[in-house]
Amino acid sequence: MPYAEQLERKQKTVEDLIGQYGRVDPILRMKNPDHYRGKVTSVFGRDRKGRPVCGIYRAGTHEVVPVKACRLEDLRADRIIQTVYALIDSFKIRIYDEDTGVGVLRYVQVRTARATRQIMVTLVTGGAVIPSSKKFVNALVRRHPEITTIVQNINDRQTTMVLGDREKTLYGPGYIEDVLCGKRFRISSRSFYQVNSLQTEKLYNVALDYAGFSGKEKILDAYCGIGTISIIASDRCREVIGVELNPDAVRDAKYNASANGAENVRFYHNDAGRFMMDMASKGEKVDILFLDPPRSGASDEFLNAVLALGPGKVVYISCEPETMARDLDVLCGRGAYRMKKAVPVDMFPYTVGVECVALLQKAF
Ligand code: SAH
C-alpha cells in the first residue's frame, strides 16, 4: 500500500476510535519510511527438508519464513543476522528444536542505536553452552567490527517469549547507549526501547509539549521503561517519579538518571497500578501523569488510581488505539477528564500499527 494511503487509514482508525472524545490532529509521518526498525529479531529453525532457515514465523504458525532483508528493518542488523546464519554451519552450532528442546540457537536479536551507532547482538540459546563460543564471537566481530557488544540470553522454556531470564555478556559492556532529545540512555537487552528512534523524538516532543510545564510540577511517569520520558522531562519540572515493572529497565533508568545528572528523578520497581493506588491512599499529589502502557493498555486498578489521585493533566501515550479508546471511556466517558487533543504518530510504517498521544485535562 502506498505510504500516503497507509497514513490516511491510520488517521481514520484513530479518529474512529477516539474522535468522539475530542480533536485528533493530522498524523506525524516519516519523511523516509524505510528501514526504521532498530530492533530485529530472527527466529532460527528448519524448513520442511530439514535445512536451517532464519527469519520470521508465518502468521499463526511456527513455520519459519526465511528473511534476508526487510524494508522495515535496519540494514546493518539484517546483514549481521545473515552472517550468523552463514557461520553456524562451520561452528557446528545446532539449531534449537522447539518440540524436543534439543539444540542450541533459538533466536538472534540485533539492536542498533541510531545516534551512537552502537550495536548489540543477543544470541538466544536453549541451553547454557554455545560450542566454541569464544571463537564464534571472534569470527562474528571480525566480520562486523561495528558490533559493540554481544550477549547470550538463555531461554530453555516452551514459550513464545523471545528472551529468557539468564544472561551472560560474551563481548563488550553488555548494553548499548543511544541519544534521544539530547539525553544519553543505557539500554540492556531485556529492557524495552522504542524501535523507531527518529519518530520517538517526535513522539516525546509532542508529549512534553502537551504537558505544558510551568517548571513547578511534580510528574509521574508510569510504565517508564529505561526512564526516557522522566529524564527528558526532568529539566522542565520540579520533581519526577517513574514506575516500571521490569527490574532490568529500572536498573537502566536509575543509571540513566545519574549519568544525565537528573537529580530530581526517582525510579521505583513496581506495578504501575499498585504503585499509584499506594500514592493515592497516602494522600500524595501529582500534577501531571504520563502513561505509556504496553498494547494491553492500563489495568482497572491503574484507571481507578488515576481517578483517585486526580492529576490535573494526563498525557496518554499508546501503541494500541483500541485499548486507549477503552481506557478513555473510563477516564473521559464518565466526565472526570476531557480530551483536549490527540495526535497519531507513525512509529511503524508499512504495518497496521499506530502510536497515539492524547492530552486529558481534569474536568472541574
Ligand atoms: N515509556 C517508555 C516505555 C514504554 S513501553 C519508553 O518510551 O521507552 C511499556 C513499559 O511498561 C515496558 O517497559 C514494560 O516493562 C512496562 N510495564 C508493563 N507492565 C507494567 C506494569 N503493570 N507496571 C509497570 N510497568 C509495566
# chains A, B, ... in the order shown; residues from 1 in each chain; ligands from 1

$ residues_near_ligand --ligand "ligand 1" --cutoff "10 Å" --atoms "only C-alpha atoms and all ligand atoms" --output "ChimeraX atom specification"
/A:187,190-195,197,200-201,203-204,221-230,242-250,268-276,290-299,301-302,317-319

$ residues_around --residues "Gly103 (chain A)" --least-positions-apart "4" --cutoff "10 Å" --atoms "only C-alpha atoms" --output "number ranges by chain"
A: 93-98, 125-127, 130

$ write_last_selection --atoms "all heavy atoms" --output "PDB file, in the first residue's frame"
ATOM      1  N   ILE A  93      27.057 -25.163  15.278  1.00  0.00           N
ATOM      2  CA  ILE A  93      26.079 -24.722  16.274  1.00  0.00           C
ATOM      3  C   ILE A  93      24.711 -25.230  15.817  1.00  0.00           C
ATOM      4  O   ILE A  93      24.238 -24.861  14.735  1.00  0.00           O
ATOM      5  CB  ILE A  93      26.082 -23.189  16.413  1.00  0.00           C
ATOM      6  CG1 ILE A  93      27.434 -22.754  16.984  1.00  0.00           C
ATOM      7  CG2 ILE A  93      24.941 -22.704  17.303  1.00  0.00           C
ATOM      8  CD1 ILE A  93      27.612 -21.271  17.109  1.00  0.00           C
ATOM      9  N   ARG A  94      24.126 -26.092  16.626  1.00  0.00           N
ATOM     10  CA  ARG A  94      22.855 -26.698  16.204  1.00  0.00           C
ATOM     11  C   ARG A  94      21.691 -25.762  16.484  1.00  0.00           C
ATOM     12  O   ARG A  94      21.680 -25.019  17.462  1.00  0.00           O
ATOM     13  CB  ARG A  94      22.653 -28.024  16.924  1.00  0.00           C
ATOM     14  CG  ARG A  94      23.634 -29.080  16.426  1.00  0.00           C
ATOM     15  CD  ARG A  94      23.441 -30.377  17.148  1.00  0.00           C
ATOM     16  NE  ARG A  94      22.101 -30.926  16.939  1.00  0.00           N
ATOM     17  CZ  ARG A  94      21.631 -31.974  17.609  1.00  0.00           C
ATOM     18  NH1 ARG A  94      22.376 -32.557  18.528  1.00  0.00           N
ATOM     19  NH2 ARG A  94      20.417 -32.431  17.371  1.00  0.00           N
ATOM     20  N   ILE A  95      20.712 -25.854  15.614  1.00  0.00           N
ATOM     21  CA  ILE A  95      19.511 -25.042  15.814  1.00  0.00           C
ATOM     22  C   ILE A  95      18.605 -25.730  16.822  1.00  0.00           C
ATOM     23  O   ILE A  95      18.451 -26.951  16.814  1.00  0.00           O
ATOM     24  CB  ILE A  95      18.811 -24.825  14.462  1.00  0.00           C
ATOM     25  CG1 ILE A  95      19.652 -23.852  13.639  1.00  0.00           C
ATOM     26  CG2 ILE A  95      17.403 -24.290  14.646  1.00  0.00           C
ATOM     27  CD1 ILE A  95      19.211 -23.697  12.238  1.00  0.00           C
ATOM     28  N   TYR A  96      18.043 -24.946  17.706  1.00  0.00           N
ATOM     29  CA  TYR A  96      17.168 -25.452  18.757  1.00  0.00           C
ATOM     30  C   TYR A  96      15.883 -26.008  18.137  1.00  0.00           C
ATOM     31  O   TYR A  96      15.305 -25.407  17.223  1.00  0.00           O
ATOM     32  CB  TYR A  96      16.844 -24.288  19.691  1.00  0.00           C
ATOM     33  CG  TYR A  96      15.970 -24.630  20.861  1.00  0.00           C
ATOM     34  CD1 TYR A  96      16.504 -25.188  22.011  1.00  0.00           C
ATOM     35  CD2 TYR A  96      14.606 -24.345  20.825  1.00  0.00           C
ATOM     36  CE1 TYR A  96      15.702 -25.472  23.107  1.00  0.00           C
ATOM     37  CE2 TYR A  96      13.797 -24.623  21.913  1.00  0.00           C
ATOM     38  CZ  TYR A  96      14.349 -25.181  23.046  1.00  0.00           C
ATOM     39  OH  TYR A  96      13.557 -25.451  24.118  1.00  0.00           O
ATOM     40  N   ASP A  97      15.459 -27.135  18.640  1.00  0.00           N
ATOM     41  CA  ASP A  97      14.204 -27.734  18.175  1.00  0.00           C
ATOM     42  C   ASP A  97      13.129 -27.514  19.237  1.00  0.00           C
ATOM     43  O   ASP A  97      13.226 -28.023  20.349  1.00  0.00           O
ATOM     44  CB  ASP A  97      14.434 -29.238  17.933  1.00  0.00           C
ATOM     45  CG  ASP A  97      13.189 -29.911  17.366  1.00  0.00           C
ATOM     46  OD1 ASP A  97      12.080 -29.589  17.827  1.00  0.00           O
ATOM     47  OD2 ASP A  97      13.350 -30.763  16.462  1.00  0.00           O
ATOM     48  N   GLU A  98      12.131 -26.751  18.868  1.00  0.00           N
ATOM     49  CA  GLU A  98      11.082 -26.383  19.834  1.00  0.00           C
ATOM     50  C   GLU A  98      10.350 -27.597  20.412  1.00  0.00           C
ATOM     51  O   GLU A  98       9.898 -27.563  21.547  1.00  0.00           O
ATOM     52  CB  GLU A  98      10.019 -25.534  19.129  1.00  0.00           C
ATOM     53  CG  GLU A  98      10.396 -24.099  18.962  1.00  0.00           C
ATOM     54  CD  GLU A  98       9.227 -23.339  18.364  1.00  0.00           C
ATOM     55  OE1 GLU A  98       8.463 -23.916  17.548  1.00  0.00           O
ATOM     56  OE2 GLU A  98       9.069 -22.178  18.730  1.00  0.00           O
ATOM     57  N   THR A 125      19.712 -18.763  23.358  1.00  0.00           N
ATOM     58  CA  THR A 125      20.009 -20.194  23.242  1.00  0.00           C
ATOM     59  C   THR A 125      19.106 -21.012  24.165  1.00  0.00           C
ATOM     60  O   THR A 125      18.622 -20.508  25.181  1.00  0.00           O
ATOM     61  CB  THR A 125      21.479 -20.472  23.619  1.00  0.00           C
ATOM     62  OG1 THR A 125      21.708 -20.011  24.948  1.00  0.00           O
ATOM     63  CG2 THR A 125      22.435 -19.773  22.676  1.00  0.00           C
ATOM     64  N   GLY A 126      18.926 -22.285  23.793  1.00  0.00           N
ATOM     65  CA  GLY A 126      18.080 -23.170  24.597  1.00  0.00           C
ATOM     66  C   GLY A 126      18.790 -23.652  25.848  1.00  0.00           C
ATOM     67  O   GLY A 126      18.155 -23.948  26.854  1.00  0.00           O
ATOM     68  N   GLY A 127      20.112 -23.732  25.810  1.00  0.00           N
ATOM     69  CA  GLY A 127      20.880 -24.172  26.977  1.00  0.00           C
ATOM     70  C   GLY A 127      21.988 -23.186  27.267  1.00  0.00           C
ATOM     71  O   GLY A 127      22.119 -22.162  26.582  1.00  0.00           O
ATOM     72  N   ILE A 130      27.283 -22.620  24.369  1.00  0.00           N
ATOM     73  CA  ILE A 130      27.433 -22.448  22.923  1.00  0.00           C
ATOM     74  C   ILE A 130      28.784 -23.075  22.588  1.00  0.00           C
ATOM     75  O   ILE A 130      29.812 -22.634  23.107  1.00  0.00           O
ATOM     76  CB  ILE A 130      27.476 -20.956  22.515  1.00  0.00           C
ATOM     77  CG1 ILE A 130      26.220 -20.215  22.977  1.00  0.00           C
ATOM     78  CG2 ILE A 130      27.653 -20.813  21.011  1.00  0.00           C
ATOM     79  CD1 ILE A 130      26.205 -18.731  22.610  1.00  0.00           C
TER      80      ILE A 130
END

$ closest_residue --among "A:Arg48, A:Lys202, A:Lys168, A:Arg76" --to "Ile27 (chain A)" --atoms "only C-alpha atoms"
A:Lys202

$ select_by_dssp --residues "region 9-88 of chain A" --states "strand (DSSP E)" --output "list of chain:residue names"
A:Arg23, A:Val24, A:Lys39, A:Val40, A:Thr41, A:Ser42, A:Val43, A:Phe44, A:Gly45, A:Arg46, A:Pro52, A:Val53, A:Cys54, A:Gly55, A:Ile56, A:Tyr57, A:Val64, A:Val65, A:Pro66

$ write_last_selection --atoms "C-alpha atoms" --output "PDB file, in the first residue's frame"
ATOM      1  CA  ARG A  23      -9.863  16.805  18.400  1.00  0.00           C
ATOM      2  CA  VAL A  24      -7.474  14.498  16.543  1.00  0.00           C
ATOM      3  CA  LYS A  39      15.383  -3.936  16.847  1.00  0.00           C
ATOM      4  CA  VAL A  40      15.318  -7.007  14.647  1.00  0.00           C
ATOM      5  CA  THR A  41      14.542 -10.493  15.923  1.00  0.00           C
ATOM      6  CA  SER A  42      15.191 -13.501  13.743  1.00  0.00           C
ATOM      7  CA  VAL A  43      13.991 -16.980  14.669  1.00  0.00           C
ATOM      8  CA  PHE A  44      16.189 -19.936  13.719  1.00  0.00           C
ATOM      9  CA  GLY A  45      14.512 -23.155  12.627  1.00  0.00           C
ATOM     10  CA  ARG A  46      14.451 -25.772   9.892  1.00  0.00           C
ATOM     11  CA  PRO A  52      18.426 -24.360   8.553  1.00  0.00           C
ATOM     12  CA  VAL A  53      16.422 -21.182   7.980  1.00  0.00           C
ATOM     13  CA  CYS A  54      16.152 -17.889   9.823  1.00  0.00           C
ATOM     14  CA  GLY A  55      13.529 -15.200   9.582  1.00  0.00           C
ATOM     15  CA  ILE A  56      10.039 -14.741  10.968  1.00  0.00           C
ATOM     16  CA  TYR A  57       7.145 -17.024  11.829  1.00  0.00           C
ATOM     17  CA  VAL A  64       9.828 -20.060   9.658  1.00  0.00           C
ATOM     18  CA  VAL A  65       9.680 -17.806   6.597  1.00  0.00           C
ATOM     19  CA  PRO A  66      13.262 -17.006   5.537  1.00  0.00           C
TER      20      PRO A  66
END

$ residues_around --residues "Asn205 (chain A)" --least-positions-apart "3" --cutoff "12 Å" --atoms "only C-alpha atoms" --output "ChimeraX atom specification"
/A:28,180-182,198-202,208-212,228-229,232-233,315,317,343,345,357

$ write_last_selection --atoms "C-alpha atoms" --output "CSV table (one decimal), in the first residue's frame"
chain,number,residue,atom,x,y,z
A,28,LEU,CA,3.0,12.8,12.2
A,180,LEU,CA,17.3,10.9,22.4
A,181,CYS,CA,16.2,14.6,22.8
A,182,GLY,CA,19.8,15.4,23.9
A,198,LEU,CA,13.5,9.1,14.9
A,199,GLN,CA,9.8,9.1,15.4
A,200,THR,CA,10.3,8.6,19.2
A,201,GLU,CA,11.9,12.0,19.4
A,202,LYS,CA,8.8,13.5,17.7
A,208,LEU,CA,6.2,17.1,26.6
A,209,ASP,CA,4.6,20.0,24.7
A,210,TYR,CA,1.1,18.7,25.6
A,211,ALA,CA,2.2,18.7,29.3
A,212,GLY,CA,2.9,22.4,29.1
A,228,THR,CA,13.5,8.2,28.8
A,229,ILE,CA,10.4,10.4,29.3
A,232,ILE,CA,13.9,14.3,29.3
A,233,ALA,CA,11.1,16.0,31.3
A,315,VAL,CA,-0.6,12.6,28.8
A,317,ILE,CA,0.9,7.6,25.0
A,343,VAL,CA,-2.3,13.1,17.5
A,345,VAL,CA,2.4,9.3,15.3
A,357,VAL,CA,-0.7,10.7,22.2

$ atom_distance --atom1 "CA of Gly174 (chain A)" --atom2 "CA of Ile150 (chain A)"
6.6 Å

$ closest_residue --among "A:Leu331, A:Ala86, A:Val141, A:Ser189" --to "Asp165 (chain A)" --atoms "only C-alpha atoms"
A:Ser189

$ closest_atom_pairs --of "region 163-212 of chain A" --to "region 259-264 of chain A" --cutoff "9 Å" --atoms "only C-alpha atoms" --output "tab-separated table"
residue	atom	partner	partner_atom	distance
A:Lys183	CA	A:Asn260	CA	6.6
A:Arg184	CA	A:Asn260	CA	6.8
A:Phe185	CA	A:Ala259	CA	8.4

$ closest_residue --among "A:Ala113, A:Ala207, A:Leu307, A:Ser234" --to "Val179 (chain A)" --atoms "only C-alpha atoms"
A:Ala113

$ decode --residues "region 188-201 of chain A" --atoms "all heavy atoms" --output "PDB file, in the first residue's frame"
ATOM      1  N   SER A 188      19.713  -2.177  28.219  1.00  0.00           N
ATOM      2  CA  SER A 188      20.106  -3.582  28.343  1.00  0.00           C
ATOM      3  C   SER A 188      19.243  -4.427  27.414  1.00  0.00           C
ATOM      4  O   SER A 188      18.185  -3.985  26.976  1.00  0.00           O
ATOM      5  CB  SER A 188      19.874  -4.104  29.762  1.00  0.00           C
ATOM      6  OG  SER A 188      20.475  -3.286  30.699  1.00  0.00           O
ATOM      7  N   SER A 189      19.672  -5.648  27.191  1.00  0.00           N
ATOM      8  CA  SER A 189      18.973  -6.445  26.170  1.00  0.00           C
ATOM      9  C   SER A 189      17.510  -6.704  26.534  1.00  0.00           C
ATOM     10  O   SER A 189      16.657  -6.764  25.674  1.00  0.00           O
ATOM     11  CB  SER A 189      19.701  -7.753  25.931  1.00  0.00           C
ATOM     12  OG  SER A 189      19.481  -8.614  27.005  1.00  0.00           O
ATOM     13  N   ARG A 190      17.220  -6.831  27.834  1.00  0.00           N
ATOM     14  CA  ARG A 190      15.831  -7.152  28.194  1.00  0.00           C
ATOM     15  C   ARG A 190      14.968  -5.927  28.476  1.00  0.00           C
ATOM     16  O   ARG A 190      13.784  -6.043  28.744  1.00  0.00           O
ATOM     17  CB  ARG A 190      15.809  -8.102  29.402  1.00  0.00           C
ATOM     18  CG  ARG A 190      16.105  -9.538  28.992  1.00  0.00           C
ATOM     19  CD  ARG A 190      16.238 -10.438  30.175  1.00  0.00           C
ATOM     20  NE  ARG A 190      17.389 -10.066  30.985  1.00  0.00           N
ATOM     21  CZ  ARG A 190      17.706 -10.632  32.134  1.00  0.00           C
ATOM     22  NH1 ARG A 190      16.957 -11.595  32.622  1.00  0.00           N
ATOM     23  NH2 ARG A 190      18.774 -10.252  32.805  1.00  0.00           N
ATOM     24  N   SER A 191      15.562  -4.740  28.448  1.00  0.00           N
ATOM     25  CA  SER A 191      14.769  -3.520  28.674  1.00  0.00           C
ATOM     26  C   SER A 191      14.042  -3.127  27.402  1.00  0.00           C
ATOM     27  O   SER A 191      14.560  -3.310  26.298  1.00  0.00           O
ATOM     28  CB  SER A 191      15.681  -2.360  29.064  1.00  0.00           C
ATOM     29  OG  SER A 191      16.346  -2.636  30.265  1.00  0.00           O
ATOM     30  N   PHE A 192      12.874  -2.531  27.589  1.00  0.00           N
ATOM     31  CA  PHE A 192      12.138  -2.002  26.436  1.00  0.00           C
ATOM     32  C   PHE A 192      12.830  -0.746  25.913  1.00  0.00           C
ATOM     33  O   PHE A 192      13.255   0.107  26.686  1.00  0.00           O
ATOM     34  CB  PHE A 192      10.699  -1.658  26.853  1.00  0.00           C
ATOM     35  CG  PHE A 192       9.925  -1.003  25.743  1.00  0.00           C
ATOM     36  CD1 PHE A 192       9.222  -1.768  24.836  1.00  0.00           C
ATOM     37  CD2 PHE A 192       9.940   0.378  25.590  1.00  0.00           C
ATOM     38  CE1 PHE A 192       8.545  -1.169  23.777  1.00  0.00           C
ATOM     39  CE2 PHE A 192       9.262   0.993  24.541  1.00  0.00           C
ATOM     40  CZ  PHE A 192       8.562   0.212  23.646  1.00  0.00           C
ATOM     41  N   TYR A 193      12.900  -0.634  24.594  1.00  0.00           N
ATOM     42  CA  TYR A 193      13.343   0.614  23.964  1.00  0.00           C
ATOM     43  C   TYR A 193      12.569   0.765  22.668  1.00  0.00           C
ATOM     44  O   TYR A 193      12.431  -0.201  21.909  1.00  0.00           O
ATOM     45  CB  TYR A 193      14.854   0.559  23.698  1.00  0.00           C
ATOM     46  CG  TYR A 193      15.426   1.864  23.183  1.00  0.00           C
ATOM     47  CD1 TYR A 193      15.394   3.009  23.977  1.00  0.00           C
ATOM     48  CD2 TYR A 193      15.986   1.960  21.913  1.00  0.00           C
ATOM     49  CE1 TYR A 193      15.904   4.212  23.508  1.00  0.00           C
ATOM     50  CE2 TYR A 193      16.512   3.157  21.446  1.00  0.00           C
ATOM     51  CZ  TYR A 193      16.468   4.280  22.251  1.00  0.00           C
ATOM     52  OH  TYR A 193      16.978   5.472  21.794  1.00  0.00           O
ATOM     53  N   GLN A 194      12.048   1.978  22.434  1.00  0.00           N
ATOM     54  CA  GLN A 194      11.231   2.208  21.235  1.00  0.00           C
ATOM     55  C   GLN A 194      12.002   1.772  19.987  1.00  0.00           C
ATOM     56  O   GLN A 194      13.196   2.057  19.876  1.00  0.00           O
ATOM     57  CB  GLN A 194      10.879   3.693  21.116  1.00  0.00           C
ATOM     58  CG  GLN A 194      10.091   4.251  22.305  1.00  0.00           C
ATOM     59  CD  GLN A 194       8.633   3.846  22.305  1.00  0.00           C
ATOM     60  OE1 GLN A 194       8.146   3.168  21.396  1.00  0.00           O
ATOM     61  NE2 GLN A 194       7.910   4.250  23.344  1.00  0.00           N
ATOM     62  N   VAL A 195      11.324   1.134  19.034  1.00  0.00           N
ATOM     63  CA  VAL A 195      12.039   0.569  17.879  1.00  0.00           C
ATOM     64  C   VAL A 195      12.338   1.605  16.793  1.00  0.00           C
ATOM     65  O   VAL A 195      13.163   1.365  15.914  1.00  0.00           O
ATOM     66  CB  VAL A 195      11.271  -0.616  17.229  1.00  0.00           C
ATOM     67  CG1 VAL A 195      11.178  -1.776  18.199  1.00  0.00           C
ATOM     68  CG2 VAL A 195       9.923  -0.205  16.690  1.00  0.00           C
ATOM     69  N   ASN A 196      11.650   2.756  16.849  1.00  0.00           N
ATOM     70  CA  ASN A 196      11.846   3.767  15.804  1.00  0.00           C
ATOM     71  C   ASN A 196      12.289   5.064  16.471  1.00  0.00           C
ATOM     72  O   ASN A 196      11.468   5.875  16.887  1.00  0.00           O
ATOM     73  CB  ASN A 196      10.528   3.947  15.042  1.00  0.00           C
ATOM     74  CG  ASN A 196      10.650   4.912  13.880  1.00  0.00           C
ATOM     75  OD1 ASN A 196      11.559   5.734  13.820  1.00  0.00           O
ATOM     76  ND2 ASN A 196       9.714   4.816  12.959  1.00  0.00           N
ATOM     77  N   SER A 197      13.601   5.254  16.571  1.00  0.00           N
ATOM     78  CA  SER A 197      14.072   6.341  17.430  1.00  0.00           C
ATOM     79  C   SER A 197      13.833   7.726  16.821  1.00  0.00           C
ATOM     80  O   SER A 197      13.604   8.682  17.546  1.00  0.00           O
ATOM     81  CB  SER A 197      15.533   6.142  17.825  1.00  0.00           C
ATOM     82  OG  SER A 197      16.328   6.222  16.688  1.00  0.00           O
ATOM     83  N   LEU A 198      13.839   7.829  15.481  1.00  0.00           N
ATOM     84  CA  LEU A 198      13.541   9.135  14.859  1.00  0.00           C
ATOM     85  C   LEU A 198      12.141   9.605  15.241  1.00  0.00           C
ATOM     86  O   LEU A 198      11.940  10.749  15.651  1.00  0.00           O
ATOM     87  CB  LEU A 198      13.578   8.997  13.337  1.00  0.00           C
ATOM     88  CG  LEU A 198      14.800   9.470  12.581  1.00  0.00           C
ATOM     89  CD1 LEU A 198      14.557   9.295  11.088  1.00  0.00           C
ATOM     90  CD2 LEU A 198      15.121  10.922  12.898  1.00  0.00           C
ATOM     91  N   GLN A 199      11.175   8.697  15.114  1.00  0.00           N
ATOM     92  CA  GLN A 199       9.787   9.063  15.426  1.00  0.00           C
ATOM     93  C   GLN A 199       9.593   9.191  16.938  1.00  0.00           C
ATOM     94  O   GLN A 199       8.721   9.936  17.397  1.00  0.00           O
ATOM     95  CB  GLN A 199       8.814   8.029  14.849  1.00  0.00           C
ATOM     96  CG  GLN A 199       8.710   8.043  13.341  1.00  0.00           C
ATOM     97  CD  GLN A 199       8.219   9.367  12.780  1.00  0.00           C
ATOM     98  OE1 GLN A 199       9.008  10.256  12.485  1.00  0.00           O
ATOM     99  NE2 GLN A 199       6.911   9.505  12.618  1.00  0.00           N
ATOM    100  N   THR A 200      10.400   8.467  17.717  1.00  0.00           N
ATOM    101  CA  THR A 200      10.286   8.565  19.173  1.00  0.00           C
ATOM    102  C   THR A 200      10.574   9.987  19.639  1.00  0.00           C
ATOM    103  O   THR A 200       9.906  10.510  20.526  1.00  0.00           O
ATOM    104  CB  THR A 200      11.247   7.577  19.851  1.00  0.00           C
ATOM    105  OG1 THR A 200      10.890   6.265  19.443  1.00  0.00           O
ATOM    106  CG2 THR A 200      11.170   7.664  21.369  1.00  0.00           C
ATOM    107  N   GLU A 201      11.566  10.622  19.017  1.00  0.00           N
ATOM    108  CA  GLU A 201      11.856  12.010  19.408  1.00  0.00           C
ATOM    109  C   GLU A 201      10.651  12.900  19.135  1.00  0.00           C
ATOM    110  O   GLU A 201      10.294  13.734  19.958  1.00  0.00           O
ATOM    111  CB  GLU A 201      13.092  12.531  18.665  1.00  0.00           C
ATOM    112  CG  GLU A 201      14.369  11.915  19.216  1.00  0.00           C
ATOM    113  CD  GLU A 201      15.638  12.638  18.761  1.00  0.00           C
ATOM    114  OE1 GLU A 201      15.661  13.107  17.602  1.00  0.00           O
ATOM    115  OE2 GLU A 201      16.591  12.706  19.567  1.00  0.00           O
TER     116      GLU A 201
END
